[in-house]
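Single-structure report; data block below.
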Amino acid sequence: MRIPFLSLAGQHEAIKDEVLGALANVYDRQSFVLGEQVAAFEREYSQVSGVAYTVGVGNGLDALHLSLRALGLQPGDEVLVPSNTYIATWLAVSLAGGVPVPVEPDWRTSNLDAAQLAAAITSRTRGIIPVHLYGQPCDMSAILALAARHSLWVMEDNAQAQGASWHGQPTGSFGQVNATSFYPSKNLGALGDGGAITTNDAVLAHTVRQLRNYGTERRYVSETIGYNSRLDELQAAVLRVKLHHLPEWTRQRRELADRYTAYLADIPGLRLPFVVAGATPVWHLYVVHTPWRDALQQHLAAAGIESLVHYPVPPHLQPAYAGLGLPAGAFPIAEELATTCLSLPLWPGMTEAMIENVATVIKDFYHHQ
Ligand SMILES: *Cc1c(COP(=O)(O)O)cnc(C)c1O
């Protein structure tokens with residue numbers, strides 16, 4: 001049985017007529033940028049996210065970057081970021097003129113923990129970017145309490161966690177302003193690039209609205225030095241269709257993740273995802289950890305099962321960040337996670353037989369260890 005890491009085929013086949021109808025509608029109306037589809041999607045996404053405002057932008061990196069601009073980040077300002085996140089979280093801080101200050105995650109959850117954050121705060125620290133990695137919510141209660149004590153803002157990177165919640169409240173609704181991505185492989189994916197910010201702050205929403213469109217509000221009047229980063233009408237029309245199906249797809253992801261957890265429990269040397277009390281994850285990825293990661297990945301590949309590593313090189317060891325002068329060994333938890341993590345196939349439409357097959361191949365690997 002060949003099992004791809006991700007297949008959108010089943011999901012897309014089921015909604016094909018709906019999506020093509022929505023695309024035809026945009027085609028016929030000939031409004032392609034900042035029209036009624038984007039406005040409607042922004043309203044609908046706000047509703048499911050439990051926020052007052054959503055502003056659609058070109059991609060997740062821009063959502064992070066423009067949010068930081070709206071928060072007024074100044075050159076040299078420090079922002080606390082996970083040492084083990086996707087590079088975009090760091091890049092956004094650098095692009096906005098700030099300094100990303102890495103903080104080690106809790107090794108069990110791969111997410112930021114408040115105790116480590118507290119130790120990294122200096123007089124230059126302005127804010128914290130918690131990333132709900134793999135669709136697992138961070139402990140937002142502890143992070144918000146810490147931020148309040150030190151007068152810091154919080155901006156969630158919700159790119160991997162659309163639909164997740166912390167004590168019943170949707171992720172992406174806790175920070176002053178939050179960012180998400182609709183890259184095709186995300187839980188809510190467009191048919192190309194897309195992103196959005198979510199906030200309850202009218203001023204921040206307004207500022208990002210200006211920044212995404214040349215700093216303008218009225219045509220040909222630029223209030224500020226802006227960018228061109230707009231969610232386009234075609235993608236918004238697709239996202240509106242998909243948003244209706246997201247709860248069902250999330251339900252399927254949870255069921256499949258539970259199957260993995262049941263099949264793979266009690267294998268010595270294989271660590272399964274850890275869900276903290278209060279967190280309702282959406283399983284963007286099902287990530288296991290093992291010291292024999294590369295061998296396990298090869299064993300799976302030999303059986304026709306695709307797996308991926310998220311992520312093999314932590315940001316501080318990327319050539320782009322050589323200038324920070326952070327050597328190998330500087331962030332041992334991030335480095336350890338990078339060498340031991342393995343993401344197993346999981347997508348809506350995947351069958352239980354496929355999950356069982358992956359689990360059987362993994363068990364077979366451990367029998368021969
Ligand atoms: C995908 C992702 C982004 C960036 O989104 P793009 O739309 O690809 O720019 C940022 N942060 C995290 C955690 C992501 O997974």
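If you're wondering about the labels, chains in the structure tokens are A, B, ... by order shown, residues count from 1 in each chain, ligands from 1 in order shown.
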
For this session: Select the residues contacting ligand 1 at a distance of at most 9 Å, based on only C-alpha atoms and all ligand atoms, then format the selection as a VMD selection string.
Result: chain A and resid 58 to 64 85 to 90 92 131 to 134 157 to 161 179 to 186 193 to 195

For this session: Run DSSP on the backbone and grab whatever in region 235-363 of chain A lands in helix (DSSP H, G or I); send it over as a ChimeraX atom specification.
Result: /A:235-264,293-302,315-317,319-324,332-340,352-363

Exercise. Neighbours of Glu233 (chain A) within 8 Å (only C-alpha atoms; same-chain residues fewer than 3 positions away dropped), as a ChimeraX atom specification?
Worked result: /A:26,31-38,236-237

For this session: Please identify which residues in region 193-330 of chain A DSSP calls strand (DSSP E) from the backbone, and express them as a count of residues only.
Result: 11

For this session: Just the residues within 10 Å of region 310-325 of chain A, please, counting only C-alpha atoms, with nothing from its chain fewer than 4 positions along; format it as a VMD selection string.
Result: chain A and resid 82 to 91 94 99 to 102 133 to 134 285 287 329 to 331 334 to 343

Exercise. From the list A:Leu231, A:Leu270, A:Ile129, A:Leu6, which residue is nearest Leu308 (chain A) when using only C-alpha atoms?
Worked result: A:Leu6

Problem set entry | Neighbour list for region 47-55 of chain A as a list in words, cut-off 8 Å, only C-alpha atoms, skip fewer than 3 positions in-chain | Glu42, Arg43, Glu44, Gly163, Gln169, Pro170, Thr171, Gly172, Ser173, Ala196, Ile197, Thr198, Thr199, Asn200, Asp201, Ala202, Ala205, Val208 and Arg209 of chain A

May I have the selected residues written with N, CA, C and O atoms, as a PDB file, in the first residue's frame?
ATOM      1  N   GLU A  42     -13.620  37.526   5.264  1.00  0.00           N
ATOM      2  CA  GLU A  42     -13.127  38.157   6.496  1.00  0.00           C
ATOM      3  C   GLU A  42     -14.194  38.127   7.593  1.00  0.00           C
ATOM      4  O   GLU A  42     -13.900  37.842   8.758  1.00  0.00           O
ATOM      5  N   ARG A  43     -15.447  38.373   7.224  1.00  0.00           N
ATOM      6  CA  ARG A  43     -16.540  38.304   8.214  1.00  0.00           C
ATOM      7  C   ARG A  43     -16.695  36.878   8.741  1.00  0.00           C
ATOM      8  O   ARG A  43     -16.795  36.650   9.944  1.00  0.00           O
ATOM      9  N   GLU A  44     -16.712  35.921   7.813  1.00  0.00           N
ATOM     10  CA  GLU A  44     -16.957  34.534   8.207  1.00  0.00           C
ATOM     11  C   GLU A  44     -15.801  33.961   9.030  1.00  0.00           C
ATOM     12  O   GLU A  44     -16.012  33.212   9.989  1.00  0.00           O
ATOM     13  N   GLY A 163      -8.858  26.206  13.956  1.00  0.00           N
ATOM     14  CA  GLY A 163      -9.880  25.329  14.537  1.00  0.00           C
ATOM     15  C   GLY A 163      -9.509  24.798  15.912  1.00  0.00           C
ATOM     16  O   GLY A 163     -10.335  24.184  16.584  1.00  0.00           O
ATOM     17  N   GLN A 169     -11.532  28.377  23.966  1.00  0.00           N
ATOM     18  CA  GLN A 169     -11.427  29.608  23.166  1.00  0.00           C
ATOM     19  C   GLN A 169     -10.508  29.364  21.970  1.00  0.00           C
ATOM     20  O   GLN A 169      -9.416  28.805  22.122  1.00  0.00           O
ATOM     21  N   PRO A 170     -10.954  29.761  20.754  1.00  0.00           N
ATOM     22  CA  PRO A 170     -10.153  29.479  19.562  1.00  0.00           C
ATOM     23  C   PRO A 170      -8.754  30.096  19.624  1.00  0.00           C
ATOM     24  O   PRO A 170      -8.604  31.242  20.062  1.00  0.00           O
ATOM     25  N   THR A 171      -7.767  29.326  19.193  1.00  0.00           N
ATOM     26  CA  THR A 171      -6.438  29.912  19.012  1.00  0.00           C
ATOM     27  C   THR A 171      -6.554  30.964  17.916  1.00  0.00           C
ATOM     28  O   THR A 171      -7.423  30.886  17.046  1.00  0.00           O
ATOM     29  N   GLY A 172      -5.695  31.959  17.972  1.00  0.00           N
ATOM     30  CA  GLY A 172      -5.788  33.066  17.012  1.00  0.00           C
ATOM     31  C   GLY A 172      -6.709  34.166  17.513  1.00  0.00           C
ATOM     32  O   GLY A 172      -6.998  35.119  16.797  1.00  0.00           O
ATOM     33  N   SER A 173      -7.197  34.027  18.772  1.00  0.00           N
ATOM     34  CA  SER A 173      -8.066  35.073  19.333  1.00  0.00           C
ATOM     35  C   SER A 173      -7.514  35.597  20.660  1.00  0.00           C
ATOM     36  O   SER A 173      -8.159  36.384  21.335  1.00  0.00           O
ATOM     37  N   ALA A 196      -3.927  35.695   6.725  1.00  0.00           N
ATOM     38  CA  ALA A 196      -4.821  36.660   7.357  1.00  0.00           C
ATOM     39  C   ALA A 196      -4.310  37.014   8.745  1.00  0.00           C
ATOM     40  O   ALA A 196      -3.565  36.250   9.358  1.00  0.00           O
ATOM     41  N   ILE A 197      -4.738  38.180   9.220  1.00  0.00           N
ATOM     42  CA  ILE A 197      -4.529  38.526  10.618  1.00  0.00           C
ATOM     43  C   ILE A 197      -5.897  38.520  11.285  1.00  0.00           C
ATOM     44  O   ILE A 197      -6.923  38.792  10.632  1.00  0.00           O
ATOM     45  N   THR A 198      -5.930  38.192  12.574  1.00  0.00           N
ATOM     46  CA  THR A 198      -7.170  38.231  13.350  1.00  0.00           C
ATOM     47  C   THR A 198      -6.918  39.058  14.605  1.00  0.00           C
ATOM     48  O   THR A 198      -5.854  38.959  15.214  1.00  0.00           O
ATOM     49  N   THR A 199      -7.889  39.881  14.963  1.00  0.00           N
ATOM     50  CA  THR A 199      -7.702  40.767  16.129  1.00  0.00           C
ATOM     51  C   THR A 199      -9.046  41.293  16.624  1.00  0.00           C
ATOM     52  O   THR A 199     -10.036  41.304  15.875  1.00  0.00           O
ATOM     53  N   ASN A 200      -9.041  41.727  17.874  1.00  0.00           N
ATOM     54  CA  ASN A 200     -10.212  42.436  18.413  1.00  0.00           C
ATOM     55  C   ASN A 200      -9.957  43.931  18.481  1.00  0.00           C
ATOM     56  O   ASN A 200     -10.798  44.690  18.958  1.00  0.00           O
ATOM     57  N   ASP A 201      -8.770  44.341  18.024  1.00  0.00           N
ATOM     58  CA  ASP A 201      -8.352  45.732  18.130  1.00  0.00           C
ATOM     59  C   ASP A 201      -8.638  46.460  16.816  1.00  0.00           C
ATOM     60  O   ASP A 201      -8.000  46.180  15.790  1.00  0.00           O
ATOM     61  N   ALA A 202      -9.568  47.400  16.850  1.00  0.00           N
ATOM     62  CA  ALA A 202      -9.989  48.099  15.628  1.00  0.00           C
ATOM     63  C   ALA A 202      -8.838  48.877  14.998  1.00  0.00           C
ATOM     64  O   ALA A 202      -8.728  48.954  13.767  1.00  0.00           O
ATOM     65  N   ALA A 205      -6.418  46.413  13.254  1.00  0.00           N
ATOM     66  CA  ALA A 205      -7.058  45.906  12.029  1.00  0.00           C
ATOM     67  C   ALA A 205      -6.979  46.962  10.932  1.00  0.00           C
ATOM     68  O   ALA A 205      -6.617  46.674   9.783  1.00  0.00           O
ATOM     69  N   VAL A 208      -3.379  47.281   9.561  1.00  0.00           N
ATOM     70  CA  VAL A 208      -3.008  46.203   8.632  1.00  0.00           C
ATOM     71  C   VAL A 208      -3.755  46.361   7.303  1.00  0.00           C
ATOM     72  O   VAL A 208      -3.192  46.107   6.233  1.00  0.00           O
ATOM     73  N   ARG A 209      -5.004  46.816   7.355  1.00  0.00           N
ATOM     74  CA  ARG A 209      -5.762  47.088   6.117  1.00  0.00           C
ATOM     75  C   ARG A 209      -5.033  48.092   5.225  1.00  0.00           C
ATOM     76  O   ARG A 209      -4.989  47.948   4.010  1.00  0.00           O
TER      77      ARG A 209
END

Exercise. Nearest to Ala353 (chain A) among A:Gly76, A:Glu248, A:Met1, A:Ala147, with distances taken over only C-alpha atoms: which residue is it?
Worked result: A:Met1

Exercise. Using only C-alpha atoms, which residue out of A:His367, A:His245, A:Arg253, A:Arg293 lies closest to Ala14 (chain A)?
Worked result: A:His245

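We find CA of Asn178 (chain A) and CA of Glu156 (chain A) to be spaced 4.7 Å apart.
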
Seminar exercise, completed: Using only C-alpha atoms, the best pick from A:Met350, A:Ala118, A:Met155, A:Val358 as closest to Gln252 (chain A) would be A:Met350
